[in-house]
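Colleague: So that we are looking at the same thing, I have put the structure below in structure tokens.
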Amino acid sequence: MGHKILLVEDDDATAGYVARGLGEEGFVVDRAANGRDGLFHATDGSYDCIVLDRMLPGMDGMAVLSALRAAGVATPVIILSALGSPEDRVKGLVGGADDYLVKPFAFAELLARIRLLVRRGAATPAAQTMLRCDDLEMDLLARRVVRSGRTLTLQPREFRLLEYLLRHAEQVVTRTMLLEGVWDYHFDPGTNVIDVHLSRLRKKVDEGFARPLLHTVRGVGYRLGVDG
């Protein structure tokens with residue numbers, strides 16, 4: 001049985017071209033031509049990856065994405081968009097997307113990115129189910145993060161970022177390590193996507209608590225740990 005892909009795209013020619021190509025590669029593709037139908041399909045959580053156009057009738061792609069993430073659907077999402085500025089890419093990635101592909105795109109690139117996300121989603125979780133640093137705890141099975149008894153609400157990407165930092169607790173983690181370990185980018189896309197995510201994560205993890213755990217190591221990267 002092939003991996004299931006949901007394609008939410010209102011342009012019939014683009015949707016037909018992508019669906020045909022993915023079908024030839026052994027994927028099972030469901031199509032939706034507007035945001036509301038896309039959201040309805042996506043919320044059943046049975047897809048391995050969602051390819052989501054940003055400009056959609058009825059409901060904008062970013063609104064579909066935030067509704068999905070708010071509903072706790074963690075299916076990987078690739079946004080397709082004609083908007084290619086660094087600000088647009090950061091907005092998409094911070095909004096909960098796993099990848100952002102600018103139109104016009106090569107089908108081979110979309111295919112490679114879908115395969116990467118599907119493979120990562122199918123990766124077996126490590127035997128370790130609890131990660132800790134001081135009074136911060138992450139339950140990998142329940143996907144829950146607690147600090148000093150208070151539950152923290154994290155986006156899927158923030159969860160992955162914190163998981164990576166917890167697995168490297170008390171170590172300095174460079175931007176390159178984060179790009180490769182959390183975003184699967186083997187290049188720096190030249191955006192401040194890491195800084196944006198880390199400042200959001202820092203607010204959730206550190207604000208209102210006695211001591212900070214998330215530290216910036218100037219010129220090098222970041223470190224999760226207790227100072228002193």
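Convention: chains lettered A, B, ... in structure tokens order; per-chain residue numbering from 1; ligands numbered from 1 as shown.
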With only C-alpha atoms as the counted atoms, please give the residues lying no more than 9 Å from Leu166 (chain A), apart from itself and same-chain residues fewer than 5 positions off, as a short mmCIF file (atom, residue, chain, number, x, y, z; two decimals) with N, CA and C atoms, in the first residue's frame.
Modeller:
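Output file out-v4.cif is given in full below:
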```cif
data_model
loop_
_atom_site.label_atom_id
_atom_site.label_comp_id
_atom_site.auth_asym_id
_atom_site.auth_seq_id
_atom_site.Cartn_x
_atom_site.Cartn_y
_atom_site.Cartn_z
N LEU A 131 12.43 12.69 28.45
CA LEU A 131 13.65 13.49 28.41
C LEU A 131 13.53 14.55 29.50
N ARG A 132 14.62 14.80 30.20
CA ARG A 132 14.56 15.76 31.32
C ARG A 132 15.75 16.70 31.32
N CYS A 133 15.52 17.90 31.82
CA CYS A 133 16.60 18.84 32.14
C CYS A 133 16.09 19.71 33.28
N MET A 138 9.91 16.10 29.21
CA MET A 138 9.19 15.85 27.96
C MET A 138 8.82 14.36 27.91
N LEU A 161 12.07 20.86 18.15
CA LEU A 161 13.23 21.69 18.48
C LEU A 161 13.64 21.45 19.94
N LEU A 224 20.84 24.19 26.09
CA LEU A 224 19.77 23.96 27.06
C LEU A 224 20.43 23.37 28.30
N GLY A 225 20.29 24.04 29.42
CA GLY A 225 20.91 23.51 30.63
C GLY A 225 20.84 24.51 31.77
#
```
Colleague: With 8 Å as the cut-off and only C-alpha atoms counted, what is the closest atom pair between each nearby residue of region 83-170 of chain A and region 55-77 of chain A? Distances in Å to one decimal, ordered by chain and number, as a tab-separated table.
Modeller:
```
residue	atom	partner	partner_atom	distance
A:Gly92	CA	A:Met62	CA	7.2
A:Gly95	CA	A:Ser66	CA	6.5
A:Gly96	CA	A:Leu65	CA	6.8
A:Ala97	CA	A:Val77	CA	5.2
A:Asp98	CA	A:Val77	CA	5.4
A:Asp99	CA	A:Val77	CA	6.6
A:Leu117	CA	A:Pro76	CA	6.4
A:Val118	CA	A:Pro76	CA	7.7
A:Gly121	CA	A:Pro76	CA	7.7
A:Gln155	CA	A:Arg69	CA	7.1
A:Pro156	CA	A:Ala74	CA	6.4
```
Colleague: Kindly export the residues of the current selection with C-alpha atoms, as a PDB file, in the first residue's frame.
Modeller:
```pdb
ATOM      1  CA  GLY A  92       5.020  29.505   6.687  1.00  0.00           C
ATOM      2  CA  GLY A  95       3.039  28.796  11.203  1.00  0.00           C
ATOM      3  CA  GLY A  96       3.549  25.046  11.523  1.00  0.00           C
ATOM      4  CA  ALA A  97       4.665  23.941   8.043  1.00  0.00           C
ATOM      5  CA  ASP A  98       7.449  21.380   7.735  1.00  0.00           C
ATOM      6  CA  ASP A  99       8.627  22.644   4.386  1.00  0.00           C
ATOM      7  CA  LEU A 117       9.032  13.969   5.274  1.00  0.00           C
ATOM      8  CA  VAL A 118       7.316  10.594   4.830  1.00  0.00           C
ATOM      9  CA  GLY A 121       7.468  10.383   9.914  1.00  0.00           C
ATOM     10  CA  GLN A 155       3.593  23.633  18.177  1.00  0.00           C
ATOM     11  CA  PRO A 156       4.866  20.396  16.492  1.00  0.00           C
TER      12      PRO A 156
END
```
Colleague: Can you list, as a PyMOL selection string, every protein, DNA or RNA residue that comes within 12 Å of Leu116 (chain A) when you count only C-alpha atoms, leaving out same-chain residues fewer than 4 positions away?
Modeller: chain A and resi 48-49+76-78+98-99+109-112+120-123+183-185
Colleague: Convert the current residue selection to file output with C-alpha atoms, as a PDB file, in the first residue's frame.
Modeller:
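Everything below was put into result19.pdb:
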```
ATOM      1  CA  ASP A  48       1.480  10.625   5.495  1.00  0.00           C
ATOM      2  CA  CYS A  49       2.002  14.107   4.052  1.00  0.00           C
ATOM      3  CA  PRO A  76       3.865  16.833   7.839  1.00  0.00           C
ATOM      4  CA  VAL A  77       2.804  19.757   5.625  1.00  0.00           C
ATOM      5  CA  ILE A  78       4.588  21.206   2.589  1.00  0.00           C
ATOM      6  CA  ASP A  98       7.449  21.380   7.735  1.00  0.00           C
ATOM      7  CA  ASP A  99       8.627  22.644   4.386  1.00  0.00           C
ATOM      8  CA  GLU A 109      12.156  18.589  -5.933  1.00  0.00           C
ATOM      9  CA  LEU A 110       8.620  18.263  -4.546  1.00  0.00           C
ATOM     10  CA  LEU A 111       8.933  14.470  -4.765  1.00  0.00           C
ATOM     11  CA  ALA A 112      12.279  14.491  -2.926  1.00  0.00           C
ATOM     12  CA  ARG A 120      11.062  10.900   8.786  1.00  0.00           C
ATOM     13  CA  GLY A 121       7.468  10.383   9.914  1.00  0.00           C
ATOM     14  CA  ALA A 122       7.883   6.621   9.631  1.00  0.00           C
ATOM     15  CA  ALA A 123      11.155   6.583  11.579  1.00  0.00           C
ATOM     16  CA  TRP A 183      14.594  21.112   9.695  1.00  0.00           C
ATOM     17  CA  ASP A 184      16.437  18.549   7.531  1.00  0.00           C
ATOM     18  CA  TYR A 185      18.088  21.424   5.664  1.00  0.00           C
TER      19      TYR A 185
END
```
Colleague: I'd like the neighbourhood of Gly38 (chain A) as a VMD selection string, where a residue qualifies if any of its atoms comes within 9 Å (using only C-alpha atoms), though same-chain residues fewer than 6 positions away should be ignored.
Modeller: chain A and resid 6 to 9 31 to 32 52 64
Colleague: Now that the selection is made, can you save its residues with N, CA, C and O atoms as a PDB file, in the first residue's frame?
Modeller:
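Result went into result27.pdb, see below:
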```pdb
ATOM      1  N   LEU A   6      -2.315  14.030   0.728  1.00  0.00           N
ATOM      2  CA  LEU A   6      -3.442  14.918   0.461  1.00  0.00           C
ATOM      3  C   LEU A   6      -2.911  16.132  -0.280  1.00  0.00           C
ATOM      4  O   LEU A   6      -1.990  16.806   0.191  1.00  0.00           O
ATOM      5  N   LEU A   7      -3.481  16.405  -1.441  1.00  0.00           N
ATOM      6  CA  LEU A   7      -3.048  17.534  -2.261  1.00  0.00           C
ATOM      7  C   LEU A   7      -4.169  18.579  -2.255  1.00  0.00           C
ATOM      8  O   LEU A   7      -5.273  18.319  -2.746  1.00  0.00           O
ATOM      9  N   VAL A   8      -3.888  19.733  -1.659  1.00  0.00           N
ATOM     10  CA  VAL A   8      -4.885  20.815  -1.592  1.00  0.00           C
ATOM     11  C   VAL A   8      -4.408  21.930  -2.511  1.00  0.00           C
ATOM     12  O   VAL A   8      -3.506  22.693  -2.182  1.00  0.00           O
ATOM     13  N   GLU A   9      -5.008  21.996  -3.681  1.00  0.00           N
ATOM     14  CA  GLU A   9      -4.544  22.914  -4.740  1.00  0.00           C
ATOM     15  C   GLU A   9      -5.733  23.280  -5.616  1.00  0.00           C
ATOM     16  O   GLU A   9      -6.423  22.395  -6.118  1.00  0.00           O
ATOM     17  N   ARG A  31      -7.411  14.558  -3.581  1.00  0.00           N
ATOM     18  CA  ARG A  31      -7.331  15.962  -3.962  1.00  0.00           C
ATOM     19  C   ARG A  31      -8.448  16.779  -3.342  1.00  0.00           C
ATOM     20  O   ARG A  31      -9.557  16.289  -3.166  1.00  0.00           O
ATOM     21  N   ALA A  32      -8.129  18.010  -3.001  1.00  0.00           N
ATOM     22  CA  ALA A  32      -9.151  18.969  -2.562  1.00  0.00           C
ATOM     23  C   ALA A  32      -8.845  20.271  -3.274  1.00  0.00           C
ATOM     24  O   ALA A  32      -7.690  20.640  -3.433  1.00  0.00           O
ATOM     25  N   LEU A  52       0.055  21.585   0.487  1.00  0.00           N
ATOM     26  CA  LEU A  52      -0.966  22.607   0.690  1.00  0.00           C
ATOM     27  C   LEU A  52      -0.615  23.896  -0.045  1.00  0.00           C
ATOM     28  O   LEU A  52       0.403  24.536   0.240  1.00  0.00           O
ATOM     29  N   VAL A  64      -5.777  27.139   7.033  1.00  0.00           N
ATOM     30  CA  VAL A  64      -5.952  25.675   7.083  1.00  0.00           C
ATOM     31  C   VAL A  64      -4.878  25.065   7.984  1.00  0.00           C
ATOM     32  O   VAL A  64      -5.154  24.246   8.861  1.00  0.00           O
TER      33      VAL A  64
END
```
Colleague: List the neighbours of Arg223 (chain A) out to 9 Å using only C-alpha atoms; skip same-chain residues closer than 6 positions along the sequence, and give me the result as a list in words.
Modeller: Leu165, His168, Ala169, Glu170, Gln171, Val172, Val173, Thr174, Leu213, Leu214, His215, Thr216 and Val217 of chain A
Colleague: Quick one: everything within 12 Å of Gly208 (chain A), counting only C-alpha atoms, minus sequence neighbours fewer than 3 positions away in the same chain. Send it as a list in words.
Modeller: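 So the residues in contact are Arg147, Ser148, Arg150, Leu152, Arg202, Lys203, Lys204, Val205, Arg211, Pro212 and Leu213 of chain A.
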Colleague: So that I have them on file, write out the residues from the current selection with C-alpha atoms, as a PDB file, in the first residue's frame.
Modeller:
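Contents of again_22.pdb, freshly written:
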```pdb
ATOM      1  CA  ARG A 147       7.974  22.436  33.658  1.00  0.00           C
ATOM      2  CA  SER A 148       7.568  22.666  37.451  1.00  0.00           C
ATOM      3  CA  ARG A 150       2.944  23.366  34.491  1.00  0.00           C
ATOM      4  CA  LEU A 152       3.576  23.877  28.136  1.00  0.00           C
ATOM      5  CA  ARG A 202      12.260  30.483  25.129  1.00  0.00           C
ATOM      6  CA  LYS A 203       9.098  32.448  26.051  1.00  0.00           C
ATOM      7  CA  LYS A 204       7.210  29.202  26.678  1.00  0.00           C
ATOM      8  CA  VAL A 205      10.030  27.349  28.462  1.00  0.00           C
ATOM      9  CA  ARG A 211      15.790  30.255  36.316  1.00  0.00           C
ATOM     10  CA  PRO A 212      16.358  30.250  32.563  1.00  0.00           C
ATOM     11  CA  LEU A 213      17.237  26.960  30.850  1.00  0.00           C
TER      12      LEU A 213
END
```
Colleague: Please identify which residues in region 64-217 of chain A DSSP calls strand (DSSP E) from the backbone, and express them as a PyMOL selection string.
Modeller: chain A and resi 77-81+99-102+130-133+136-139+144-147+150-152+172-174+214-217
Colleague: How would the residues just chosen look if you wrote them out with N, CA, C and O atoms as a compact mmCIF listing (two decimals), in the first residue's frame?
Modeller:
```
# COMPACT_ATOMS: atom_id res chain seq x y z
N VAL A 77 3.44 18.90 6.64
CA VAL A 77 2.80 19.76 5.62
C VAL A 77 3.88 20.47 4.82
O VAL A 77 4.81 21.05 5.38
N ILE A 78 3.75 20.41 3.48
CA ILE A 78 4.59 21.21 2.59
C ILE A 78 3.70 22.29 1.99
O ILE A 78 2.67 21.98 1.40
N ILE A 79 4.09 23.54 2.18
CA ILE A 79 3.32 24.64 1.59
C ILE A 79 3.87 24.94 0.20
O ILE A 79 5.09 25.01 0.01
N LEU A 80 2.96 25.09 -0.77
CA LEU A 80 3.33 25.54 -2.12
C LEU A 80 2.89 26.99 -2.22
O LEU A 80 1.74 27.30 -1.90
N SER A 81 3.77 27.86 -2.64
CA SER A 81 3.37 29.27 -2.71
C SER A 81 4.15 30.03 -3.75
O SER A 81 5.33 29.79 -3.96
N ASP A 99 7.81 22.24 5.52
CA ASP A 99 8.63 22.64 4.39
C ASP A 99 7.85 23.68 3.59
O ASP A 99 6.63 23.82 3.74
N TYR A 100 8.56 24.42 2.72
CA TYR A 100 7.95 25.52 1.99
C TYR A 100 8.59 25.53 0.60
O TYR A 100 9.80 25.70 0.49
N LEU A 101 7.80 25.32 -0.41
CA LEU A 101 8.32 25.22 -1.77
C LEU A 101 7.71 26.35 -2.60
O LEU A 101 6.50 26.53 -2.61
N VAL A 102 8.59 27.11 -3.27
CA VAL A 102 8.11 28.29 -4.01
C VAL A 102 7.75 27.89 -5.45
O VAL A 102 8.49 27.17 -6.11
N MET A 130 11.15 9.44 28.02
CA MET A 130 11.14 10.66 28.83
C MET A 130 12.48 11.38 28.70
O MET A 130 13.53 10.76 28.80
N LEU A 131 12.43 12.69 28.45
CA LEU A 131 13.65 13.49 28.41
C LEU A 131 13.53 14.55 29.50
O LEU A 131 12.45 15.12 29.69
N ARG A 132 14.62 14.80 30.20
CA ARG A 132 14.56 15.76 31.32
C ARG A 132 15.75 16.70 31.32
O ARG A 132 16.85 16.31 30.96
N CYS A 133 15.52 17.90 31.82
CA CYS A 133 16.60 18.84 32.14
C CYS A 133 16.09 19.71 33.28
O CYS A 133 15.13 20.46 33.10
N LEU A 136 12.31 20.56 33.83
CA LEU A 136 11.63 20.47 32.53
C LEU A 136 11.59 19.01 32.10
O LEU A 136 12.62 18.33 32.08
N GLU A 137 10.38 18.51 31.78
CA GLU A 137 10.23 17.10 31.39
C GLU A 137 9.45 17.01 30.09
O GLU A 137 8.46 17.70 29.89
N MET A 138 9.91 16.10 29.21
CA MET A 138 9.19 15.85 27.96
C MET A 138 8.82 14.36 27.91
O MET A 138 9.68 13.50 28.01
N ASP A 139 7.52 14.11 27.75
CA ASP A 139 7.03 12.73 27.59
C ASP A 139 6.83 12.52 26.09
O ASP A 139 5.92 13.09 25.48
N ARG A 144 3.92 15.37 25.59
CA ARG A 144 3.58 16.41 26.57
C ARG A 144 4.85 16.97 27.20
O ARG A 144 5.80 16.23 27.46
N VAL A 145 4.86 18.28 27.41
CA VAL A 145 6.01 18.94 28.04
C VAL A 145 5.52 19.64 29.30
O VAL A 145 4.53 20.37 29.27
N VAL A 146 6.23 19.39 30.41
CA VAL A 146 5.84 19.98 31.70
C VAL A 146 7.07 20.63 32.32
O VAL A 146 8.17 20.06 32.28
N ARG A 147 6.90 21.83 32.87
CA ARG A 147 7.97 22.44 33.66
C ARG A 147 7.41 22.86 35.01
O ARG A 147 6.44 23.61 35.08
N ARG A 150 3.79 22.61 35.42
CA ARG A 150 2.94 23.37 34.49
C ARG A 150 3.11 22.81 33.07
O ARG A 150 4.23 22.69 32.58
N THR A 151 1.99 22.47 32.42
CA THR A 151 2.05 21.94 31.05
C THR A 151 2.30 23.08 30.07
O THR A 151 1.65 24.12 30.14
N LEU A 152 3.27 22.88 29.16
CA LEU A 152 3.58 23.88 28.14
C LEU A 152 2.93 23.46 26.82
O LEU A 152 3.01 22.31 26.42
N VAL A 172 26.59 22.61 23.67
CA VAL A 172 26.32 23.73 22.77
C VAL A 172 25.88 23.15 21.42
O VAL A 172 26.52 22.27 20.86
N VAL A 173 24.74 23.64 20.94
CA VAL A 173 24.18 23.17 19.67
C VAL A 173 24.30 24.32 18.67
O VAL A 173 23.84 25.43 18.94
N THR A 174 24.92 24.06 17.53
CA THR A 174 25.11 25.12 16.54
C THR A 174 23.87 25.27 15.64
O THR A 174 23.03 24.36 15.58
N LEU A 214 17.18 27.98 28.63
CA LEU A 214 17.57 28.08 27.22
C LEU A 214 18.51 29.27 27.05
O LEU A 214 18.11 30.42 27.22
N HIS A 215 19.76 28.99 26.74
CA HIS A 215 20.78 30.04 26.68
C HIS A 215 21.32 30.22 25.26
O HIS A 215 21.48 29.24 24.53
N THR A 216 21.61 31.47 24.89
CA THR A 216 22.28 31.76 23.62
C THR A 216 23.78 31.81 23.89
O THR A 216 24.22 32.46 24.83
N VAL A 217 24.52 31.06 23.09
CA VAL A 217 25.99 31.10 23.21
C VAL A 217 26.47 31.97 22.05
O VAL A 217 26.41 31.55 20.89
```
Colleague: Looking only at the backbone, which of the residues in region 85-177 of chain A does DSSP tag as helix (DSSP H, G or I), as JSON, numbers by chain?
Modeller: {"A": [86, 87, 88, 89, 90, 91, 92, 93, 94, 107, 108, 109, 110, 111, 112, 113, 114, 115, 116, 117, 118, 119, 120, 121, 122, 156, 157, 158, 159, 160, 161, 162, 163, 164, 165, 166, 167, 175, 176, 177]}
Colleague: Go through A:Arg54, A:Arg200, A:Pro104, A:Glu25 and flag the residue nearest Asp88 (chain A), using only C-alpha atoms for the distances.
Modeller: A:Arg54
Colleague: I'd like to know which of A:Val29, A:Leu83, A:Leu39, A:Met177 is closest to Gly16 (chain A), using only C-alpha atoms.
Modeller: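 Going through A:Val29, A:Leu83, A:Leu39, A:Met177 one by one, the smallest distance to Gly16 (chain A) is for A:Val29.
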Colleague: Could you jot down the CA of Glu163 (chain A) to CA of Leu140 (chain A) separation for me, Å, one decimal place?
Modeller: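 So the two atoms, CA of Glu163 (chain A) and CA of Leu140 (chain A), lie 8.5 Å apart.
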Colleague: Between A:Thr176, A:Ser85, A:Ser46, A:Thr14, single out the one closest to Gly221 (chain A), counting only C-alpha atoms.
Modeller: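 Selected residue with least distance to Gly221 (chain A): A:Thr176.
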Colleague: Hey, can you check how far CA of Leu93 (chain A) sits from CA of Asn34 (chain A)?
Modeller: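 CA of Asn34 (chain A) lies 20.9 Å from CA of Leu93 (chain A).
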